[in-house]
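Dumped data.pdb below, it's PDB, C-alpha atoms:
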ATOM      1  CA  CYS U   1      -3.110  11.373  17.013  1.00  0.00           C
ATOM      2  CA  VAL U   2      -0.326  13.689  15.833  1.00  0.00           C
ATOM      3  CA  TYR U   3      -0.392  15.795  18.980  1.00  0.00           C
ATOM      4  CA  LEU U   4      -0.294  12.708  21.197  1.00  0.00           C
ATOM      5  CA  ILE U   5       2.561  11.180  19.186  1.00  0.00           C
ATOM      6  CA  ASN U   6       4.599  14.384  19.493  1.00  0.00           C
ATOM      7  CA  ILE U   7       4.000  14.612  23.264  1.00  0.00           C
ATOM      8  CA  LEU U   8       4.864  10.939  23.799  1.00  0.00           C
ATOM      9  CA  VAL U   9       8.060  11.301  21.751  1.00  0.00           C
ATOM     10  CA  LEU U  10       9.118  14.218  23.949  1.00  0.00           C
ATOM     11  CA  ILE U  11       8.458  12.180  27.083  1.00  0.00           C
ATOM     12  CA  ILE U  12      10.353   9.165  25.747  1.00  0.00           C
ATOM     13  CA  ASN U  13      13.309  11.297  24.658  1.00  0.00           C
ATOM     14  CA  THR U  14      13.460  12.759  28.152  1.00  0.00           C
ATOM     15  CA  LEU U  15      13.338   9.277  29.666  1.00  0.00           C
ATOM     16  CA  LYS U  16      16.106   8.051  27.341  1.00  0.00           C
ATOM     17  CA  SER U  17      18.527  10.411  29.036  1.00  0.00           C
ATOM     18  CA  GLN U  18      18.061   8.455  32.291  1.00  0.00           C
ATOM     19  CA  PRO U  19      19.698   5.000  32.123  1.00  0.00           C
ATOM     20  CA  PHE U  20      17.298   3.428  34.652  1.00  0.00           C
ATOM     21  CA  ALA U  21      14.207   4.609  32.739  1.00  0.00           C
ATOM     22  CA  LYS U  22      14.969   2.895  29.418  1.00  0.00           C
ATOM     23  CA  HIS U  23      14.147  -0.537  30.775  1.00  0.00           C
ATOM     24  CA  SER U  24      11.083   0.392  32.783  1.00  0.00           C
ATOM     25  CA  ALA U  25       7.552  -0.818  32.174  1.00  0.00           C
ATOM     26  CA  ARG U  26       6.352   2.758  31.670  1.00  0.00           C
ATOM     27  CA  PHE U  27       8.909   3.287  28.904  1.00  0.00           C
ATOM     28  CA  GLU U  28       7.590   0.195  27.120  1.00  0.00           C
ATOM     29  CA  THR U  29       4.012   1.355  27.630  1.00  0.00           C
ATOM     30  CA  LEU U  30       4.778   4.746  26.125  1.00  0.00           C
ATOM     31  CA  SER U  31       6.531   3.119  23.156  1.00  0.00           C
ATOM     32  CA  LEU U  32       3.530   0.882  22.530  1.00  0.00           C
ATOM     33  CA  LEU U  33       1.211   3.860  22.810  1.00  0.00           C
ATOM     34  CA  ILE U  34       3.204   5.688  20.122  1.00  0.00           C
ATOM     35  CA  GLU U  35       2.974   2.618  17.883  1.00  0.00           C
ATOM     36  CA  THR U  36      -0.781   2.397  18.456  1.00  0.00           C
ATOM     37  CA  GLN U  37      -1.289   6.074  17.625  1.00  0.00           C
ATOM     38  CA  LYS U  38       0.866   5.710  14.516  1.00  0.00           C
ATOM     39  CA  GLU U  39      -1.286   2.795  13.318  1.00  0.00           C
ATOM     40  CA  LYS U  40      -4.473   4.782  13.992  1.00  0.00           C
ATOM     41  CA  LEU U  41      -3.089   7.709  12.005  1.00  0.00           C
ATOM     42  CA  ILE U  42      -2.151   5.427   9.092  1.00  0.00           C
ATOM     43  CA  GLU U  43      -5.653   3.942   9.133  1.00  0.00           C
ATOM     44  CA  SER U  44      -7.437   7.291   9.281  1.00  0.00           C
ATOM     45  CA  GLU U  45      -5.270   8.995   6.639  1.00  0.00           C
ATOM     46  CA  SER U  46      -5.460   6.100   4.189  1.00  0.00           C
ATOM     47  CA  SER U  47      -9.242   5.792   4.702  1.00  0.00           C
ATOM     48  CA  PHE U  48      -9.637   9.525   4.128  1.00  0.00           C
ATOM     49  CA  ILE U  49      -7.600   9.356   0.906  1.00  0.00           C
ATOM     50  CA  LEU U  50      -9.480   6.309  -0.401  1.00  0.00           C
ATOM     51  CA  LYS U  51     -12.839   7.894   0.438  1.00  0.00           C
ATOM     52  CA  ASP U  52     -11.741  11.177  -1.135  1.00  0.00           C
ATOM     53  CA  CYS U  53     -10.829   9.299  -4.332  1.00  0.00           C
ATOM     54  CA  GLY U  54     -14.175   7.534  -4.277  1.00  0.00           C
ATOM     55  CA  VAL U  55     -12.707   4.030  -4.206  1.00  0.00           C
ATOM     56  CA  PHE U  56     -13.350   3.097  -0.575  1.00  0.00           C
ATOM     57  CA  THR U  57     -16.771   1.555  -1.265  1.00  0.00           C
ATOM     58  CA  VAL U  58     -15.548  -0.407  -4.294  1.00  0.00           C
ATOM     59  CA  LEU U  59     -12.581  -1.748  -2.308  1.00  0.00           C
ATOM     60  CA  PHE U  60     -14.831  -2.670   0.607  1.00  0.00           C
ATOM     61  CA  THR U  61     -17.254  -4.493  -1.709  1.00  0.00           C
ATOM     62  CA  LEU U  62     -14.376  -6.255  -3.471  1.00  0.00           C
ATOM     63  CA  LYS U  63     -12.793  -7.420  -0.209  1.00  0.00           C
ATOM     64  CA  GLN U  64     -16.164  -8.572   1.141  1.00  0.00           C
ATOM     65  CA  HIS U  65     -16.884 -10.529  -2.040  1.00  0.00           C
ATOM     66  CA  LYS U  66     -13.449 -12.183  -2.011  1.00  0.00           C
ATOM     67  CA  GLN U  67     -13.869 -13.081   1.644  1.00  0.00           C
ATOM     68  CA  ASN U  68     -17.332 -14.608   1.160  1.00  0.00           C
ATOM     69  CA  GLN U  69     -16.619 -16.272  -2.192  1.00  0.00           C
ATOM     70  CA  ARG U  70     -16.804 -20.055  -2.262  1.00  0.00           C
ATOM     71  CA  PRO U  71     -14.157 -22.083  -4.122  1.00  0.00           C
ATOM     72  CA  ASN U  72     -16.672 -23.455  -6.659  1.00  0.00           C
ATOM     73  CA  ASP U  73     -18.452 -20.114  -7.181  1.00  0.00           C
ATOM     74  CA  SER U  74     -18.751 -19.508 -10.924  1.00  0.00           C
ATOM     75  CA  GLU U  75     -20.077 -15.925 -10.672  1.00  0.00           C
ATOM     76  CA  LYS U  76     -17.835 -13.486 -12.477  1.00  0.00           C
ATOM     77  CA  LEU U  77     -16.657 -10.469 -10.532  1.00  0.00           C
ATOM     78  CA  CYS U  78     -18.062  -8.122 -13.185  1.00  0.00           C
ATOM     79  CA  ASP U  79     -21.555  -9.450 -12.407  1.00  0.00           C
ATOM     80  CA  VAL U  80     -21.386  -8.541  -8.703  1.00  0.00           C
ATOM     81  CA  GLN U  81     -23.351  -5.435  -7.726  1.00  0.00           C
ATOM     82  CA  GLY U  82     -20.925  -2.556  -7.122  1.00  0.00           C
ATOM     83  CA  LEU U  83     -18.087  -4.302  -8.964  1.00  0.00           C
ATOM     84  CA  ASP U  84     -19.431  -3.894 -12.473  1.00  0.00           C
ATOM     85  CA  GLU U  85     -17.034  -2.822 -15.202  1.00  0.00           C
ATOM     86  CA  SER U  86     -17.869   0.892 -15.062  1.00  0.00           C
ATOM     87  CA  SER U  87     -17.499   1.037 -11.256  1.00  0.00           C
ATOM     88  CA  MET U  88     -14.153  -0.752 -11.333  1.00  0.00           C
ATOM     89  CA  LYS U  89     -12.861   1.399 -14.211  1.00  0.00           C
ATOM     90  CA  LEU U  90     -13.920   4.580 -12.450  1.00  0.00           C
ATOM     91  CA  ALA U  91     -12.295   3.439  -9.196  1.00  0.00           C
ATOM     92  CA  MET U  92      -9.037   2.632 -10.976  1.00  0.00           C
ATOM     93  CA  LYS U  93      -9.096   5.917 -12.879  1.00  0.00           C
ATOM     94  CA  SER U  94      -9.772   7.929  -9.698  1.00  0.00           C
ATOM     95  CA  LEU U  95      -7.056   6.190  -7.705  1.00  0.00           C
ATOM     96  CA  SER U  96      -4.559   6.591 -10.560  1.00  0.00           C
ATOM     97  CA  ALA U  97      -5.425  10.277 -10.849  1.00  0.00           C
ATOM     98  CA  TYR U  98      -4.795  10.740  -7.136  1.00  0.00           C
ATOM     99  CA  ILE U  99      -1.471   8.905  -7.243  1.00  0.00           C
ATOM    100  CA  PHE U 100      -0.268  10.945 -10.209  1.00  0.00           C
ATOM    101  CA  SER U 101      -1.468  14.267  -8.815  1.00  0.00           C
ATOM    102  CA  LEU U 102       1.022  16.633  -7.235  1.00  0.00           C
ATOM    103  CA  GLY U 103      -0.598  16.209  -3.833  1.00  0.00           C
ATOM    104  CA  ALA U 104      -0.314  12.441  -3.732  1.00  0.00           C
ATOM    105  CA  LEU U 105       2.613  12.440  -1.353  1.00  0.00           C
ATOM    106  CA  SER U 106       1.390  15.479   0.553  1.00  0.00           C
ATOM    107  CA  MET U 107      -0.007  14.430   3.910  1.00  0.00           C
ATOM    108  CA  PRO U 108      -0.383  17.575   6.033  1.00  0.00           C
ATOM    109  CA  LYS U 109      -1.270  15.797   9.279  1.00  0.00           C
ATOM    110  CA  ILE U 110       1.682  13.448   9.004  1.00  0.00           C
ATOM    111  CA  GLU U 111       4.058  16.316   8.196  1.00  0.00           C
ATOM    112  CA  LYS U 112       3.334  17.698  11.682  1.00  0.00           C
ATOM    113  CA  ILE U 113       4.969  14.707  13.387  1.00  0.00           C
ATOM    114  CA  THR U 114       8.218  16.025  14.851  1.00  0.00           C
ATOM    115  CA  ASP U 115      10.135  12.738  14.974  1.00  0.00           C
ATOM    116  CA  LEU U 116      11.570  12.103  11.491  1.00  0.00           C
ATOM    117  CA  GLU U 117      11.625   8.316  11.787  1.00  0.00           C
ATOM    118  CA  ILE U 118       8.012   8.086  12.956  1.00  0.00           C
ATOM    119  CA  ARG U 119       6.956  10.585  10.265  1.00  0.00           C
ATOM    120  CA  GLN U 120       8.644   8.494   7.544  1.00  0.00           C
ATOM    121  CA  LEU U 121       7.215   5.210   8.859  1.00  0.00           C
ATOM    122  CA  THR U 122       3.726   6.713   8.996  1.00  0.00           C
ATOM    123  CA  ARG U 123       3.998   8.185   5.489  1.00  0.00           C
ATOM    124  CA  ASN U 124       5.231   4.818   4.185  1.00  0.00           C
ATOM    125  CA  GLY U 125       2.355   3.071   5.971  1.00  0.00           C
ATOM    126  CA  VAL U 126      -0.215   5.262   4.213  1.00  0.00           C
ATOM    127  CA  ALA U 127       1.575   4.850   0.862  1.00  0.00           C
ATOM    128  CA  ASP U 128       1.590   1.080   1.377  1.00  0.00           C
ATOM    129  CA  VAL U 129      -2.187   1.028   1.960  1.00  0.00           C
ATOM    130  CA  ILE U 130      -2.719   3.100  -1.202  1.00  0.00           C
ATOM    131  CA  PHE U 131      -0.400   0.781  -3.142  1.00  0.00           C
ATOM    132  CA  SER U 132      -2.255  -2.301  -1.852  1.00  0.00           C
ATOM    133  CA  ALA U 133      -5.557  -0.779  -2.969  1.00  0.00           C
ATOM    134  CA  TYR U 134      -4.132  -0.045  -6.432  1.00  0.00           C
ATOM    135  CA  LYS U 135      -2.681  -3.546  -6.727  1.00  0.00           C
ATOM    136  CA  LEU U 136      -5.973  -5.141  -5.666  1.00  0.00           C
ATOM    137  CA  LEU U 137      -7.888  -3.190  -8.316  1.00  0.00           C
ATOM    138  CA  TYR U 138      -5.182  -3.818 -10.938  1.00  0.00           C
ATOM    139  CA  ASP U 139      -5.035  -7.574 -10.284  1.00  0.00           C
ATOM    140  CA  ASN U 140      -8.810  -7.973 -10.426  1.00  0.00           C
ATOM    141  CA  LEU U 141      -9.249  -5.843 -13.549  1.00  0.00           C
ATOM    142  CA  SER U 142      -6.437  -7.608 -15.390  1.00  0.00           C
ATOM    143  CA  ASN U 143      -7.675 -11.110 -14.521  1.00  0.00           C
ATOM    144  CA  LYS U 144      -9.609 -12.291 -17.605  1.00  0.00           C
ATOM    145  CA  GLN U 145     -11.651 -14.743 -15.491  1.00  0.00           C
ATOM    146  CA  ASN U 146     -13.367 -11.795 -13.774  1.00  0.00           C
ATOM    147  CA  GLY U 147     -15.030 -10.819 -17.064  1.00  0.00           C
ATOM    148  CA  TYR U 148     -13.822  -7.245 -17.464  1.00  0.00           C
ATOM    149  CA  GLN U 149     -13.457  -6.104 -21.095  1.00  0.00           C
ATOM    150  CA  ASN U 150     -11.600  -3.160 -22.643  1.00  0.00           C
ATOM    151  CA  VAL U 151      -9.693  -2.210 -19.500  1.00  0.00           C
ATOM    152  CA  GLN U 152      -6.278  -1.662 -21.080  1.00  0.00           C
ATOM    153  CA  GLN U 153      -6.515   2.121 -20.715  1.00  0.00           C
ATOM    154  CA  GLU U 154      -7.092   1.767 -16.949  1.00  0.00           C
ATOM    155  CA  LEU U 155      -4.180  -0.683 -16.662  1.00  0.00           C
ATOM    156  CA  SER U 156      -1.585   1.599 -18.257  1.00  0.00           C
ATOM    157  CA  HIS U 157       0.613   1.708 -15.126  1.00  0.00           C
ATOM    158  CA  SER U 158       1.984  -1.458 -13.587  1.00  0.00           C
ATOM    159  CA  PRO U 159       2.036  -1.951  -9.813  1.00  0.00           C
ATOM    160  CA  GLN U 160       5.834  -1.640  -9.953  1.00  0.00           C
ATOM    161  CA  GLN U 161       5.538   1.845 -11.477  1.00  0.00           C
ATOM    162  CA  ILE U 162       3.048   2.855  -8.795  1.00  0.00           C
ATOM    163  CA  ARG U 163       5.388   1.503  -6.112  1.00  0.00           C
ATOM    164  CA  GLN U 164       8.142   3.786  -7.473  1.00  0.00           C
ATOM    165  CA  ILE U 165       5.860   6.827  -7.617  1.00  0.00           C
ATOM    166  CA  LEU U 166       4.771   6.276  -4.012  1.00  0.00           C
ATOM    167  CA  GLN U 167       8.456   5.932  -3.085  1.00  0.00           C
ATOM    168  CA  LEU U 168       8.076   2.491  -1.548  1.00  0.00           C
ATOM    169  CA  ASN U 169      11.020   0.111  -1.477  1.00  0.00           C
TER     170      ASN U 169
END
Show the structure stored in the file as structure tokens.
Amino acid sequence: CVYLINILVLIINTLKSQPFAKHSARFETLSLLIETQKEKLIESESSFILKDCGVFTVLFTLKQHKQNQRPNDSEKLCDVQGLDESSMKLAMKSLSAYIFSLGALSMPKIEKITDLEIRQLTRNGVADVIFSAYKLLYDNLSNKQNGYQNVQQELSHSPQQIRQILQLN
């Protein structure tokens, strides 16, 4: 993805110097292709990070359960297989440890993007996915109706603090 983004940026920058090329269909196609590659890179980097932290499966299970949950369903989240208290605590602890580690904002693939604006947008996209994952875990652990007990240690950082650490606006 990175290589293709860099090549496409070079092509577009060359086309920008020609007034007739800016409004062509090929220019638009190349711009859309860059956007598509950027989204793919955000998806792959954020998935890699979440898998590396060991929270990908818990997040997947949580999202699936929320999606399939009926309005009158009285089952507590802590009783769902894969979302038990120890799994959720471990997921939150692992994700928090990643966010607070020195390498949290280090994304070697993304750093290779030559265009500064695209690099920043991609980095922010990955940070936003990580923040959303943290917020989802935080909200579900802190909700008393889900049945989780003694989770105060895992909830020591608010989503607003995490947003600041990830340098999101």
I want to know what sits within 10 Å of segment 26-40 of chain U, based on all atoms listed in the file, with residues of the same chain fewer than 4 positions away left out; could you give that as a PyMOL selection string? chain U and resi 1-9+11-12+15-16+21-22+44-46+110+113+118-119+121-123+125-126
Between atom CA of Ser24 of chain U and atom CA of Leu41 of chain U, what is the spacing in Å? 26.2 Å
Report, as lines of an AutoDock Vina configuration file, the centre and edge lengths in Å (one decimal) of the axis-aligned box enclosing every listed atom of segment 149-164 of chain U, padded by 3 Å on each side.
center_x = -2.7
center_y = -1.2
center_z = -14.4
size_x = 27.6
size_y = 15.9
size_z = 22.5
Residue by residue, what does the PyMOL selection byres ((chain U and resi 69-78) around 12) grab here? Present the result as number ranges by chain. U: 58, 61-68, 79-89, 137, 139-149
Interatomic distance, atom CA of Asp128 of chain U to atom CA of Arg163 of chain U (Å, one decimal): 8.4 Å
Quick one: residues within 10 Å of Tyr134 of chain U, all atoms listed in the file counted, chain neighbours fewer than 4 positions away excluded, as a compact mmCIF listing (two decimals) with C-alpha atoms, in the frame of the given file?
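Writing the result to result_15.txt gives the following:
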# COMPACT_ATOMS: atom_id res chain seq x y z
CA VAL U 55 -12.71 4.03 -4.21
CA LEU U 59 -12.58 -1.75 -2.31
CA ALA U 91 -12.30 3.44 -9.20
CA MET U 92 -9.04 2.63 -10.98
CA LEU U 95 -7.06 6.19 -7.70
CA SER U 96 -4.56 6.59 -10.56
CA ILE U 99 -1.47 8.90 -7.24
CA ASP U 128 1.59 1.08 1.38
CA VAL U 129 -2.19 1.03 1.96
CA ILE U 130 -2.72 3.10 -1.20
CA TYR U 138 -5.18 -3.82 -10.94
CA ASP U 139 -5.04 -7.57 -10.28
CA SER U 158 1.98 -1.46 -13.59
CA PRO U 159 2.04 -1.95 -9.81
CA ILE U 162 3.05 2.86 -8.80
CA ARG U 163 5.39 1.50 -6.11
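Atom pair atom CA of Leu50 of chain U / atom CA of Leu116 of chain U has a distance of 24.9 Å (rounded to one decimal).
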Step by step: locate segment 58-94 of chain U in the block above, keep N, CA and C atoms, then write the file as an mmCIF file, in the first residue's frame.
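And here's decode20.cif as it stands now:
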data_model
loop_
_atom_site.group_PDB
_atom_site.id
_atom_site.type_symbol
_atom_site.label_atom_id
_atom_site.label_comp_id
_atom_site.auth_asym_id
_atom_site.auth_seq_id
_atom_site.Cartn_x
_atom_site.Cartn_y
_atom_site.Cartn_z
ATOM 1 N N VAL U 58 -11.538 -10.305 21.269
ATOM 2 C CA VAL U 58 -12.511 -9.794 22.249
ATOM 3 C C VAL U 58 -13.373 -8.707 21.606
ATOM 4 N N LEU U 59 -12.740 -7.801 20.854
ATOM 5 C CA LEU U 59 -13.500 -6.742 20.186
ATOM 6 C C LEU U 59 -14.463 -7.317 19.156
ATOM 7 N N PHE U 60 -14.002 -8.300 18.405
ATOM 8 C CA PHE U 60 -14.857 -8.944 17.408
ATOM 9 C C PHE U 60 -16.065 -9.585 18.083
ATOM 10 N N THR U 61 -15.819 -10.321 19.151
ATOM 11 C CA THR U 61 -16.906 -10.989 19.893
ATOM 12 C C THR U 61 -17.876 -9.958 20.466
ATOM 13 N N LEU U 62 -17.332 -8.883 21.012
ATOM 14 C CA LEU U 62 -18.162 -7.823 21.592
ATOM 15 C C LEU U 62 -19.048 -7.164 20.527
ATOM 16 N N LYS U 63 -18.455 -6.843 19.397
ATOM 17 C CA LYS U 63 -19.228 -6.213 18.309
ATOM 18 C C LYS U 63 -20.296 -7.159 17.775
ATOM 19 N N GLN U 64 -19.944 -8.434 17.620
ATOM 20 C CA GLN U 64 -20.905 -9.431 17.151
ATOM 21 C C GLN U 64 -22.074 -9.560 18.124
ATOM 22 N N HIS U 65 -21.760 -9.609 19.418
ATOM 23 C CA HIS U 65 -22.808 -9.740 20.430
ATOM 24 C C HIS U 65 -23.731 -8.518 20.412
ATOM 25 N N LYS U 66 -23.148 -7.339 20.337
ATOM 26 C CA LYS U 66 -23.955 -6.106 20.313
ATOM 27 C C LYS U 66 -24.849 -6.074 19.082
ATOM 28 N N GLN U 67 -24.306 -6.536 17.964
ATOM 29 C CA GLN U 67 -25.059 -6.530 16.715
ATOM 30 C C GLN U 67 -26.227 -7.513 16.757
ATOM 31 N N ASN U 68 -26.016 -8.666 17.368
ATOM 32 C CA ASN U 68 -27.042 -9.716 17.405
ATOM 33 C C ASN U 68 -27.951 -9.652 18.621
ATOM 34 N N GLN U 69 -27.675 -8.736 19.544
ATOM 35 C CA GLN U 69 -28.443 -8.644 20.782
ATOM 36 C C GLN U 69 -29.845 -8.101 20.510
ATOM 37 N N ARG U 70 -30.816 -8.723 21.129
ATOM 38 C CA ARG U 70 -32.207 -8.279 20.999
ATOM 39 C C ARG U 70 -32.499 -7.239 22.078
ATOM 40 N N PRO U 71 -33.445 -6.347 21.827
ATOM 41 C CA PRO U 71 -33.755 -5.298 22.816
ATOM 42 C C PRO U 71 -34.169 -5.829 24.190
ATOM 43 N N ASN U 72 -34.875 -6.952 24.231
ATOM 44 C CA ASN U 72 -35.362 -7.492 25.508
ATOM 45 C C ASN U 72 -34.430 -8.547 26.086
ATOM 46 N N ASP U 73 -33.247 -8.703 25.530
ATOM 47 C CA ASP U 73 -32.290 -9.714 25.984
ATOM 48 C C ASP U 73 -31.789 -9.341 27.379
ATOM 49 N N SER U 74 -31.971 -10.249 28.329
ATOM 50 C CA SER U 74 -31.573 -9.955 29.712
ATOM 51 C C SER U 74 -30.205 -10.541 30.071
ATOM 52 N N GLU U 75 -29.544 -11.203 29.123
ATOM 53 C CA GLU U 75 -28.230 -11.793 29.386
ATOM 54 C C GLU U 75 -27.200 -10.697 29.609
ATOM 55 N N LYS U 76 -26.469 -10.835 30.705
ATOM 56 C CA LYS U 76 -25.421 -9.859 31.001
ATOM 57 C C LYS U 76 -24.214 -10.139 30.117
ATOM 58 N N LEU U 77 -23.518 -9.086 29.769
ATOM 59 C CA LEU U 77 -22.353 -9.203 28.897
ATOM 60 C C LEU U 77 -21.274 -10.088 29.513
ATOM 61 N N CYS U 78 -21.147 -10.038 30.841
ATOM 62 C CA CYS U 78 -20.119 -10.831 31.519
ATOM 63 C C CYS U 78 -20.385 -12.331 31.450
ATOM 64 N N ASP U 79 -21.607 -12.712 31.057
ATOM 65 C CA ASP U 79 -21.964 -14.122 30.944
ATOM 66 C C ASP U 79 -21.757 -14.670 29.525
ATOM 67 N N VAL U 80 -21.409 -13.809 28.592
ATOM 68 C CA VAL U 80 -21.199 -14.227 27.206
ATOM 69 C C VAL U 80 -19.812 -14.847 27.082
ATOM 70 N N GLN U 81 -19.732 -15.978 26.383
ATOM 71 C CA GLN U 81 -18.450 -16.655 26.201
ATOM 72 C C GLN U 81 -17.490 -15.737 25.438
ATOM 73 N N GLY U 82 -16.293 -15.556 25.994
ATOM 74 C CA GLY U 82 -15.283 -14.693 25.386
ATOM 75 C C GLY U 82 -15.328 -13.262 25.886
ATOM 76 N N LEU U 83 -16.391 -12.910 26.614
ATOM 77 C CA LEU U 83 -16.526 -11.566 27.166
ATOM 78 C C LEU U 83 -16.619 -11.606 28.686
ATOM 79 N N ASP U 84 -16.148 -12.698 29.260
ATOM 80 C CA ASP U 84 -16.163 -12.821 30.712
ATOM 81 C C ASP U 84 -15.249 -11.756 31.320
ATOM 82 N N GLU U 85 -15.362 -11.570 32.608
ATOM 83 C CA GLU U 85 -14.645 -10.502 33.293
ATOM 84 C C GLU U 85 -13.133 -10.577 33.086
ATOM 85 N N SER U 86 -12.559 -11.755 33.192
ATOM 86 C CA SER U 86 -11.098 -11.869 33.052
ATOM 87 C C SER U 86 -10.647 -11.553 31.627
ATOM 88 N N SER U 87 -11.413 -11.968 30.628
ATOM 89 C CA SER U 87 -11.065 -11.667 29.231
ATOM 90 C C SER U 87 -11.133 -10.164 28.955
ATOM 91 N N MET U 88 -12.186 -9.539 29.449
ATOM 92 C CA MET U 88 -12.353 -8.098 29.229
ATOM 93 C C MET U 88 -11.276 -7.302 29.972
ATOM 94 N N LYS U 89 -10.968 -7.704 31.195
ATOM 95 C CA LYS U 89 -9.918 -7.022 31.966
ATOM 96 C C LYS U 89 -8.566 -7.152 31.279
ATOM 97 N N LEU U 90 -8.271 -8.353 30.822
ATOM 98 C CA LEU U 90 -6.999 -8.594 30.137
ATOM 99 C C LEU U 90 -6.916 -7.791 28.840
ATOM 100 N N ALA U 91 -8.007 -7.728 28.102
ATOM 101 C CA ALA U 91 -8.035 -6.947 26.860
ATOM 102 C C ALA U 91 -7.785 -5.463 27.148
ATOM 103 N N MET U 92 -8.452 -4.955 28.167
ATOM 104 C CA MET U 92 -8.293 -3.541 28.524
ATOM 105 C C MET U 92 -6.872 -3.268 28.995
ATOM 106 N N LYS U 93 -6.333 -4.158 29.794
ATOM 107 C CA LYS U 93 -4.971 -4.001 30.305
ATOM 108 C C LYS U 93 -3.951 -4.034 29.160
ATOM 109 N N SER U 94 -4.128 -4.959 28.221
ATOM 110 C CA SER U 94 -3.214 -5.081 27.085
ATOM 111 C C SER U 94 -3.274 -3.855 26.185
#
